[in-house]
Amino acid sequence: MPSPTSPIGIFDSGVGGISVLRAIREQMPAESVSYFGDQGHVPYGSRSLEEIQSFSEAITRFLLEHEAKIIVVACNTASAAALKYLREKFPDVQFVGMEPAVKPAAEHTHTGKVGVLATPATFQGALYASVVERFANGVELFQSTCPGLVQQIEHGNLHGRETRRILEEALLPMLEKNIDTVVLGCTHYPFVIPLIQRIVGDAKRVRVIDPAPAVARQTGRLLEAEGMRNLSGQRGDVRFYTSGDPEALRSLLPMLLGEMGDVAEVKWSNGHVVR
Ligand code: DGL
């Protein structure tokens, strides 16, 4: 049975969820974390709903076997495809999911025009349609899937020429439409905020919304309500599991997280995750 000292389980298709992990480390440094990056299957954004659901279910099982006390689905694509499914499959488990931050964007915009960057699967899902229907009244949304951006970020290419080209292709037409807010609907994208901000101008002109701090706060609230916060004064450990190349992940951690963690390799076998 998980206890307050058990880890928070976080997963994503790859390194994107580290943007959420970073916010959780800042807000709740005493919490230990088990982070699962399914880098053997990244990107999720062009996969089918069923496939993303079965990956998400197996990863959740793996994290629960490793004593996770709550599961943070730090991936918009997996949240869009599988959050409802996971809540039905694991009724006793607390999940925190992601949805594109259309609500705060609609509240903030003065021009009434907002850019949204997310994966194809996120845009196609019912979750996005419902967020738009509930919160985007009177606001015009301009969407881009930024093809290839997730892969650039997976390779640690946060500033290079190709990354800039992809972002300019997405953002320059939106700027022409007079957007004043950009929603990052994919957890990989906060890592390129400095580059995005260079393209769109300073934050006073165009605000870029990173949902990670709000997701970390929500995780803290849920743990608090269950009496599951780790209140020890010591800093928690972070342990990474990847279905990709552990060496490659290790080398990106200083840049993406600013600290090291233990990295273990896992394998997929008949739809299950094994060590
Ligand atoms: N980080 C992911 C998201 O938030 C998914 C990227 C991908 O694998 O396509 O949507």
# chains A, B, ... in the order shown; residues from 1 in each chain; ligands from 1
call {"tool": "closest_atom_pairs", "arguments": {"of": "chain A", "to": "ligand 1", "cutoff": "7 Å", "atoms": "only C-alpha atoms and all ligand atoms", "output": "JSON lines"}}
result
{"residue": "A:Asp12", "atom": "CA", "partner": "ligand 1", "partner_atom_place_in_ligand_line": "1 (N)", "distance": 5.8}
{"residue": "A:Ser13", "atom": "CA", "partner": "ligand 1", "partner_atom_place_in_ligand_line": "8 (O)", "distance": 4.7}
{"residue": "A:Gly14", "atom": "CA", "partner": "ligand 1", "partner_atom_place_in_ligand_line": "8 (O)", "distance": 6.5}
{"residue": "A:Gly16", "atom": "CA", "partner": "ligand 1", "partner_atom_place_in_ligand_line": "1 (N)", "distance": 4.4}
{"residue": "A:Gly17", "atom": "CA", "partner": "ligand 1", "partner_atom_place_in_ligand_line": "1 (N)", "distance": 6.2}
{"residue": "A:Val42", "atom": "CA", "partner": "ligand 1", "partner_atom_place_in_ligand_line": "8 (O)", "distance": 4.8}
{"residue": "A:Pro43", "atom": "CA", "partner": "ligand 1", "partner_atom_place_in_ligand_line": "8 (O)", "distance": 3.2}
{"residue": "A:Tyr44", "atom": "CA", "partner": "ligand 1", "partner_atom_place_in_ligand_line": "8 (O)", "distance": 3.6}
{"residue": "A:Gly45", "atom": "CA", "partner": "ligand 1", "partner_atom_place_in_ligand_line": "9 (O)", "distance": 3.4}
{"residue": "A:Ser46", "atom": "CA", "partner": "ligand 1", "partner_atom_place_in_ligand_line": "9 (O)", "distance": 6.5}
{"residue": "A:Ala74", "atom": "CA", "partner": "ligand 1", "partner_atom_place_in_ligand_line": "4 (O)", "distance": 6.5}
{"residue": "A:Cys75", "atom": "CA", "partner": "ligand 1", "partner_atom_place_in_ligand_line": "4 (O)", "distance": 3.5}
{"residue": "A:Asn76", "atom": "CA", "partner": "ligand 1", "partner_atom_place_in_ligand_line": "4 (O)", "distance": 3.7}
{"residue": "A:Thr77", "atom": "CA", "partner": "ligand 1", "partner_atom_place_in_ligand_line": "10 (O)", "distance": 3.9}
{"residue": "A:Ala78", "atom": "CA", "partner": "ligand 1", "partner_atom_place_in_ligand_line": "10 (O)", "distance": 6.7}
{"residue": "A:Ala118", "atom": "CA", "partner": "ligand 1", "partner_atom_place_in_ligand_line": "10 (O)", "distance": 6.3}
{"residue": "A:Thr119", "atom": "CA", "partner": "ligand 1", "partner_atom_place_in_ligand_line": "10 (O)", "distance": 5.7}
{"residue": "A:Thr122", "atom": "CA", "partner": "ligand 1", "partner_atom_place_in_ligand_line": "10 (O)", "distance": 6.7}
{"residue": "A:Val150", "atom": "CA", "partner": "ligand 1", "partner_atom_place_in_ligand_line": "6 (C)", "distance": 5.8}
{"residue": "A:Gly185", "atom": "CA", "partner": "ligand 1", "partner_atom_place_in_ligand_line": "4 (O)", "distance": 6.3}
{"residue": "A:Cys186", "atom": "CA", "partner": "ligand 1", "partner_atom_place_in_ligand_line": "4 (O)", "distance": 3.3}
{"residue": "A:Thr187", "atom": "CA", "partner": "ligand 1", "partner_atom_place_in_ligand_line": "4 (O)", "distance": 3.9}
{"residue": "A:His188", "atom": "CA", "partner": "ligand 1", "partner_atom_place_in_ligand_line": "1 (N)", "distance": 4.7}
call {"tool": "residues_around", "arguments": {"residues": "Lys89 in chain A", "least_positions_apart": "6", "cutoff": "12 Å", "atoms": "only C-alpha atoms", "output": "ChimeraX atom specification"}}
result
/A:53-54,56-58,60-61,82-83,95
call {"tool": "residues_around", "arguments": {"residues": "range 105-117 of chain A", "least_positions_apart": "2", "cutoff": "10 Å", "atoms": "only C-alpha atoms", "output": "ChimeraX atom specification"}}
result
/A:100-103,119-120,122-123,132,135-146,167,170-171,173-175,177-186,189,206-209
call {"tool": "closest_residue", "arguments": {"among": "A:Ser32, A:Gln94, A:Ser48, A:Ser6", "to": "Thr219 in chain A", "atoms": "only C-alpha atoms"}}
result
A:Gln94
call {"tool": "closest_residue", "arguments": {"among": "A:Pro2, A:Leu257, A:Leu252, A:Leu172", "to": "Gly201 in chain A", "atoms": "only C-alpha atoms"}}
result
A:Leu172
call {"tool": "closest_residue", "arguments": {"among": "A:Gly244, A:Pro7, A:Gly125, A:Gly148", "to": "Met28 in chain A", "atoms": "only C-alpha atoms"}}
result
A:Pro7
call {"tool": "select_by_dssp", "arguments": {"residues": "range 100-203 of chain A", "states": "alpha helix (DSSP H)", "output": "JSON, numbers by chain"}}
result
{"A": [102, 103, 104, 105, 106, 107, 108, 120, 121, 122, 123, 124, 126, 127, 128, 129, 130, 131, 132, 133, 134, 135, 149, 150, 151, 152, 153, 154, 161, 162, 163, 164, 165, 166, 167, 168, 169, 170, 171, 172, 173, 174, 175, 176, 193, 194, 195, 196, 197, 198, 199, 200]}
call {"tool": "write_last_selection", "arguments": {"atoms": "N, CA and C atoms", "output": "short mmCIF file (atom, residue, chain, number, x, y, z; two decimals), in the first residue's frame"}}
result
data_model
loop_
_atom_site.label_atom_id
_atom_site.label_comp_id
_atom_site.auth_asym_id
_atom_site.auth_seq_id
_atom_site.Cartn_x
_atom_site.Cartn_y
_atom_site.Cartn_z
N VAL A 102 -6.90 26.47 -22.52
CA VAL A 102 -7.73 27.41 -23.28
C VAL A 102 -8.47 28.37 -22.34
N LYS A 103 -8.83 27.86 -21.16
CA LYS A 103 -9.59 28.71 -20.22
C LYS A 103 -8.79 29.94 -19.79
N PRO A 104 -7.58 29.76 -19.21
CA PRO A 104 -6.83 30.97 -18.85
C PRO A 104 -6.49 31.84 -20.05
N ALA A 105 -6.29 31.21 -21.21
CA ALA A 105 -5.99 32.00 -22.41
C ALA A 105 -7.18 32.87 -22.79
N ALA A 106 -8.37 32.30 -22.72
CA ALA A 106 -9.59 33.05 -23.09
C ALA A 106 -9.81 34.20 -22.10
N GLU A 107 -9.42 33.98 -20.85
CA GLU A 107 -9.58 35.04 -19.84
C GLU A 107 -8.55 36.15 -20.04
N HIS A 108 -7.40 35.79 -20.58
CA HIS A 108 -6.30 36.75 -20.67
C HIS A 108 -6.32 37.56 -21.96
N PRO A 120 -1.51 16.19 -33.15
CA PRO A 120 -2.74 15.85 -33.88
C PRO A 120 -3.73 15.09 -33.00
N ALA A 121 -3.24 14.12 -32.21
CA ALA A 121 -4.16 13.32 -31.37
C ALA A 121 -4.87 14.19 -30.34
N THR A 122 -4.17 15.19 -29.80
CA THR A 122 -4.81 16.08 -28.83
C THR A 122 -5.91 16.90 -29.49
N PHE A 123 -5.64 17.44 -30.68
CA PHE A 123 -6.66 18.25 -31.36
C PHE A 123 -7.87 17.41 -31.76
N GLN A 124 -7.64 16.11 -32.07
CA GLN A 124 -8.75 15.28 -32.52
C GLN A 124 -9.60 14.76 -31.37
N ALA A 126 -11.85 14.18 -27.81
CA ALA A 126 -13.07 14.78 -27.26
C ALA A 126 -12.74 15.81 -26.17
N LEU A 127 -11.61 15.61 -25.47
CA LEU A 127 -11.24 16.51 -24.38
C LEU A 127 -11.01 17.93 -24.91
N TYR A 128 -10.29 18.03 -26.01
CA TYR A 128 -10.03 19.36 -26.60
C TYR A 128 -11.34 19.99 -27.07
N ALA A 129 -12.18 19.19 -27.73
CA ALA A 129 -13.47 19.72 -28.22
C ALA A 129 -14.28 20.26 -27.04
N SER A 130 -14.24 19.56 -25.92
CA SER A 130 -15.03 20.00 -24.77
C SER A 130 -14.45 21.26 -24.14
N VAL A 131 -13.11 21.35 -24.10
CA VAL A 131 -12.47 22.56 -23.55
C VAL A 131 -12.81 23.78 -24.43
N VAL A 132 -12.78 23.58 -25.72
CA VAL A 132 -13.09 24.68 -26.65
C VAL A 132 -14.55 25.10 -26.48
N GLU A 133 -15.41 24.10 -26.38
CA GLU A 133 -16.83 24.41 -26.27
C GLU A 133 -17.15 25.16 -24.98
N ARG A 134 -16.48 24.75 -23.90
CA ARG A 134 -16.79 25.36 -22.60
C ARG A 134 -16.16 26.75 -22.43
N PHE A 135 -14.93 26.92 -22.95
CA PHE A 135 -14.18 28.12 -22.55
C PHE A 135 -13.84 29.09 -23.66
N LEU A 149 8.45 18.84 -34.05
CA LEU A 149 8.99 19.57 -32.89
C LEU A 149 9.29 18.64 -31.71
N VAL A 150 8.38 17.69 -31.46
CA VAL A 150 8.60 16.76 -30.34
C VAL A 150 9.94 16.02 -30.53
N GLN A 151 10.20 15.57 -31.76
CA GLN A 151 11.45 14.83 -32.02
C GLN A 151 12.67 15.72 -31.79
N GLN A 152 12.60 16.98 -32.22
CA GLN A 152 13.74 17.89 -31.98
C GLN A 152 14.01 18.02 -30.48
N ILE A 153 12.94 18.16 -29.71
CA ILE A 153 13.10 18.34 -28.26
C ILE A 153 13.62 17.05 -27.63
N GLU A 154 13.15 15.91 -28.12
CA GLU A 154 13.66 14.62 -27.63
C GLU A 154 15.18 14.53 -27.83
N ARG A 161 18.51 25.36 -35.71
CA ARG A 161 17.87 25.94 -36.88
C ARG A 161 16.53 25.27 -37.22
N GLU A 162 16.52 23.91 -37.16
CA GLU A 162 15.30 23.18 -37.52
C GLU A 162 14.17 23.47 -36.51
N THR A 163 14.52 23.54 -35.23
CA THR A 163 13.52 23.85 -34.20
C THR A 163 12.93 25.23 -34.45
N ARG A 164 13.80 26.18 -34.77
CA ARG A 164 13.32 27.54 -35.05
C ARG A 164 12.42 27.56 -36.29
N ARG A 165 12.83 26.80 -37.32
CA ARG A 165 12.03 26.79 -38.56
C ARG A 165 10.60 26.26 -38.27
N ILE A 166 10.53 25.16 -37.50
CA ILE A 166 9.21 24.57 -37.19
C ILE A 166 8.35 25.59 -36.44
N LEU A 167 8.96 26.25 -35.47
CA LEU A 167 8.20 27.19 -34.66
C LEU A 167 7.79 28.43 -35.46
N GLU A 168 8.69 28.89 -36.31
CA GLU A 168 8.32 30.07 -37.12
C GLU A 168 7.17 29.73 -38.06
N GLU A 169 7.23 28.52 -38.63
CA GLU A 169 6.17 28.11 -39.55
C GLU A 169 4.81 28.08 -38.83
N ALA A 170 4.83 27.70 -37.55
CA ALA A 170 3.58 27.65 -36.78
C ALA A 170 3.14 29.03 -36.34
N LEU A 171 4.12 29.84 -35.87
CA LEU A 171 3.74 31.06 -35.14
C LEU A 171 3.60 32.31 -36.02
N LEU A 172 4.40 32.41 -37.08
CA LEU A 172 4.35 33.66 -37.86
C LEU A 172 2.96 33.90 -38.46
N PRO A 173 2.31 32.88 -39.04
CA PRO A 173 0.95 33.12 -39.54
C PRO A 173 -0.03 33.50 -38.41
N MET A 174 0.20 32.97 -37.22
CA MET A 174 -0.68 33.32 -36.09
C MET A 174 -0.48 34.77 -35.69
N LEU A 175 0.79 35.22 -35.73
CA LEU A 175 1.07 36.62 -35.38
C LEU A 175 0.39 37.56 -36.38
N GLU A 176 0.38 37.15 -37.63
CA GLU A 176 -0.32 37.96 -38.65
C GLU A 176 -1.80 38.10 -38.34
N ILE A 193 10.23 27.55 -24.70
CA ILE A 193 9.64 28.87 -24.43
C ILE A 193 10.61 30.01 -24.78
N PRO A 194 11.91 29.92 -24.41
CA PRO A 194 12.80 31.05 -24.76
C PRO A 194 12.81 31.32 -26.27
N LEU A 195 12.82 30.26 -27.06
CA LEU A 195 12.82 30.44 -28.51
C LEU A 195 11.46 30.97 -29.00
N ILE A 196 10.39 30.43 -28.46
CA ILE A 196 9.05 30.92 -28.83
C ILE A 196 8.95 32.41 -28.52
N GLN A 197 9.42 32.77 -27.33
CA GLN A 197 9.31 34.18 -26.92
C GLN A 197 10.16 35.07 -27.83
N ARG A 198 11.29 34.53 -28.31
CA ARG A 198 12.09 35.33 -29.24
C ARG A 198 11.35 35.55 -30.56
N ILE A 199 10.57 34.55 -30.97
CA ILE A 199 9.85 34.67 -32.24
C ILE A 199 8.64 35.59 -32.11
N VAL A 200 7.90 35.46 -31.00
CA VAL A 200 6.63 36.22 -30.89
C VAL A 200 6.81 37.60 -30.26
#
call {"tool": "residues_around", "arguments": {"residues": "Met255 in chain A", "least_positions_apart": "6", "cutoff": "10 Å", "atoms": "only C-alpha atoms", "output": "number ranges by chain"}}
result
A: 156, 158, 191
call {"tool": "atom_distance", "arguments": {"atom1": "CA of Leu253 in chain A", "atom2": "CA of Arg239 in chain A"}}
result
11.6 Å
call {"tool": "residues_around", "arguments": {"residues": "Arg229 in chain A", "least_positions_apart": "6", "cutoff": "10 Å", "atoms": "only C-alpha atoms", "output": "compact mmCIF listing (two decimals) with N, CA and C atoms, in the first residue's frame"}}
result
# COMPACT_ATOMS: atom_id res chain seq x y z
N SER A 3 2.16 4.96 0.83
CA SER A 3 2.10 5.78 2.04
C SER A 3 2.55 7.20 1.65
N PRO A 4 2.51 8.17 2.58
CA PRO A 4 2.95 9.53 2.22
C PRO A 4 4.40 9.59 1.71
N THR A 5 5.22 8.62 2.08
CA THR A 5 6.61 8.67 1.58
C THR A 5 6.76 7.95 0.22
N SER A 6 5.69 7.35 -0.28
CA SER A 6 5.75 6.71 -1.61
C SER A 6 5.94 7.77 -2.68
N ILE A 8 5.49 9.95 -6.24
CA ILE A 8 4.50 10.39 -7.23
C ILE A 8 4.90 9.71 -8.54
N MET A 28 7.20 20.98 -4.48
CA MET A 28 7.14 19.94 -3.45
C MET A 28 8.46 19.16 -3.42
N ALA A 30 10.15 17.74 -1.25
CA ALA A 30 10.30 16.54 -0.41
C ALA A 30 9.72 15.28 -1.08
N GLU A 31 8.93 15.48 -2.12
CA GLU A 31 8.30 14.31 -2.76
C GLU A 31 9.31 13.54 -3.61
N LYS A 69 1.84 6.71 -5.45
CA LYS A 69 0.67 7.05 -4.64
C LYS A 69 -0.34 7.89 -5.42
N THR A 219 -1.74 18.58 -8.22
CA THR A 219 -1.20 17.34 -7.66
C THR A 219 -1.03 17.50 -6.14
N GLY A 220 -0.50 18.64 -5.74
CA GLY A 220 -0.32 18.91 -4.30
C GLY A 220 -1.65 18.93 -3.56
N ARG A 221 -2.65 19.57 -4.17
CA ARG A 221 -3.98 19.64 -3.53
C ARG A 221 -4.57 18.24 -3.32
N LEU A 222 -4.47 17.40 -4.36
CA LEU A 222 -5.04 16.04 -4.24
C LEU A 222 -4.32 15.24 -3.17
N LEU A 223 -3.00 15.35 -3.12
CA LEU A 223 -2.24 14.61 -2.11
C LEU A 223 -2.61 15.10 -0.71
call {"tool": "residues_around", "arguments": {"residues": "Tyr35 in chain A", "least_positions_apart": "5", "cutoff": "12 Å", "atoms": "only C-alpha atoms", "output": "ChimeraX atom specification"}}
result
/A:7-22,24,59-60,62-64,66,68,70-74,237-243,249,261-266
call {"tool": "write_last_selection", "arguments": {"atoms": "N, CA and C atoms", "output": "CSV table (one decimal), in the first residue's frame"}}
result
chain,number,residue,atom,x,y,z
A,7,PRO,N,6.5,7.4,-3.9
A,7,PRO,CA,6.7,8.4,-4.9
A,7,PRO,C,5.4,8.8,-5.6
A,8,ILE,N,5.5,9.9,-6.2
A,8,ILE,CA,4.5,10.4,-7.2
A,8,ILE,C,4.9,9.7,-8.5
A,9,GLY,N,4.0,9.1,-9.2
A,9,GLY,CA,4.3,8.5,-10.6
A,9,GLY,C,3.9,9.5,-11.7
A,10,ILE,N,4.8,9.7,-12.6
A,10,ILE,CA,4.6,10.6,-13.7
A,10,ILE,C,4.9,9.9,-15.0
A,11,PHE,N,4.1,10.1,-16.0
A,11,PHE,CA,4.5,9.5,-17.3
A,11,PHE,C,4.2,10.4,-18.5
A,12,ASP,N,5.0,10.2,-19.5
A,12,ASP,CA,4.9,10.9,-20.8
A,12,ASP,C,5.4,10.0,-21.9
A,13,SER,N,5.2,10.3,-23.1
A,13,SER,CA,5.8,9.6,-24.2
A,13,SER,C,7.3,9.7,-24.2
A,14,GLY,N,7.8,10.7,-23.6
A,14,GLY,CA,9.3,10.9,-23.6
A,14,GLY,C,9.7,11.9,-22.6
A,15,VAL,N,10.5,12.9,-23.0
A,15,VAL,CA,11.0,13.9,-22.0
A,15,VAL,C,10.0,15.0,-21.7
A,16,GLY,N,8.9,15.1,-22.4
A,16,GLY,CA,8.0,16.3,-22.2
A,16,GLY,C,7.5,16.4,-20.8
A,17,GLY,N,7.2,15.3,-20.2
A,17,GLY,CA,6.6,15.4,-18.8
A,17,GLY,C,7.7,15.9,-17.8
A,18,ILE,N,8.9,16.0,-18.2
A,18,ILE,CA,9.9,16.6,-17.3
A,18,ILE,C,9.6,18.1,-17.1
A,19,SER,N,8.9,18.7,-18.0
A,19,SER,CA,8.4,20.1,-17.7
A,19,SER,C,7.5,20.1,-16.5
A,20,VAL,N,6.7,19.1,-16.4
A,20,VAL,CA,5.8,19.0,-15.2
A,20,VAL,C,6.6,18.6,-14.0
A,21,LEU,N,7.5,17.6,-14.2
A,21,LEU,CA,8.3,17.2,-13.1
A,21,LEU,C,9.1,18.3,-12.4
A,22,ARG,N,9.6,19.2,-13.3
A,22,ARG,CA,10.3,20.4,-12.8
A,22,ARG,C,9.5,21.2,-11.9
A,24,ILE,N,6.8,20.2,-10.2
A,24,ILE,CA,6.6,19.5,-9.0
A,24,ILE,C,7.8,19.5,-8.0
A,59,ILE,N,1.8,1.3,-18.5
A,59,ILE,CA,2.7,2.2,-17.8
A,59,ILE,C,2.1,2.5,-16.4
A,60,THR,N,0.8,2.7,-16.3
A,60,THR,CA,0.2,3.0,-15.0
A,60,THR,C,0.4,1.7,-14.1
A,62,PHE,N,2.8,-0.4,-14.2
A,62,PHE,CA,4.2,-0.5,-13.8
A,62,PHE,C,4.4,0.5,-12.7
A,63,LEU,N,3.9,1.7,-12.8
A,63,LEU,CA,4.2,2.7,-11.8
A,63,LEU,C,3.5,2.3,-10.5
A,64,LEU,N,2.3,1.7,-10.6
A,64,LEU,CA,1.6,1.3,-9.3
A,64,LEU,C,2.4,0.2,-8.7
A,66,HIS,N,5.4,0.0,-8.6
A,66,HIS,CA,6.5,0.6,-8.0
A,66,HIS,C,6.0,1.6,-6.9
A,68,ALA,N,3.6,3.8,-6.7
A,68,ALA,CA,3.2,5.2,-6.9
A,68,ALA,C,1.9,5.5,-6.1
A,70,ILE,N,0.1,8.4,-6.6
A,70,ILE,CA,-0.8,9.2,-7.5
A,70,ILE,C,-0.2,9.1,-8.8
A,71,ILE,N,-1.0,9.2,-9.9
A,71,ILE,CA,-0.4,9.1,-11.2
A,71,ILE,C,-0.6,10.5,-11.9
A,72,VAL,N,0.4,11.1,-12.4
A,72,VAL,CA,0.3,12.3,-13.1
A,72,VAL,C,0.5,12.0,-14.6
A,73,VAL,N,-0.5,12.1,-15.4
A,73,VAL,CA,-0.4,11.9,-16.8
A,73,VAL,C,0.2,13.2,-17.5
A,74,ALA,N,1.5,13.3,-17.5
A,74,ALA,CA,2.1,14.6,-17.9
A,74,ALA,C,2.3,14.6,-19.4
A,237,ASP,N,13.9,11.7,-3.9
A,237,ASP,CA,14.7,11.2,-5.0
A,237,ASP,C,13.8,11.2,-6.3
A,238,VAL,N,14.5,11.3,-7.4
A,238,VAL,CA,13.8,11.1,-8.7
A,238,VAL,C,14.4,9.9,-9.4
A,239,ARG,N,13.6,9.0,-9.8
A,239,ARG,CA,14.1,7.8,-10.5
A,239,ARG,C,13.4,7.8,-11.9
A,240,PHE,N,14.2,7.6,-12.9
A,240,PHE,CA,13.6,7.6,-14.3
A,240,PHE,C,13.6,6.2,-14.8
A,241,TYR,N,12.6,5.9,-15.6
A,241,TYR,CA,12.5,4.7,-16.3
A,241,TYR,C,12.3,5.0,-17.8
A,242,THR,N,13.1,4.5,-18.7
A,242,THR,CA,12.8,4.8,-20.1
A,242,THR,C,12.8,3.5,-20.9
A,243,SER,N,11.9,3.5,-21.9
A,243,SER,CA,11.9,2.4,-22.8
A,243,SER,C,12.8,2.7,-24.0
A,249,LEU,N,18.9,9.7,-22.3
A,249,LEU,CA,18.1,10.5,-21.4
A,249,LEU,C,19.0,11.1,-20.3
A,261,GLY,N,19.3,12.2,-11.9
A,261,GLY,CA,18.5,11.2,-11.3
A,261,GLY,C,18.9,9.9,-11.7
A,262,ASP,N,18.5,8.8,-11.0
A,262,ASP,CA,18.9,7.5,-11.4
A,262,ASP,C,18.0,7.1,-12.7
A,263,VAL,N,18.7,6.6,-13.7
A,263,VAL,CA,17.9,6.2,-14.9
A,263,VAL,C,18.0,4.7,-15.2
A,264,ALA,N,16.8,4.0,-15.2
A,264,ALA,CA,16.8,2.6,-15.5
A,264,ALA,C,16.1,2.3,-16.8
A,265,GLU,N,16.6,1.3,-17.5
A,265,GLU,CA,16.0,0.9,-18.8
A,265,GLU,C,14.9,-0.1,-18.6
A,266,VAL,N,13.8,0.1,-19.3
A,266,VAL,CA,12.7,-0.9,-19.2
A,266,VAL,C,12.4,-1.4,-20.7
call {"tool": "closest_residue", "arguments": {"among": "A:Arg25, A:Glu51, A:Leu86, A:Gly37", "to": "Gly271 in chain A", "atoms": "only C-alpha atoms"}}
result
A:Glu51
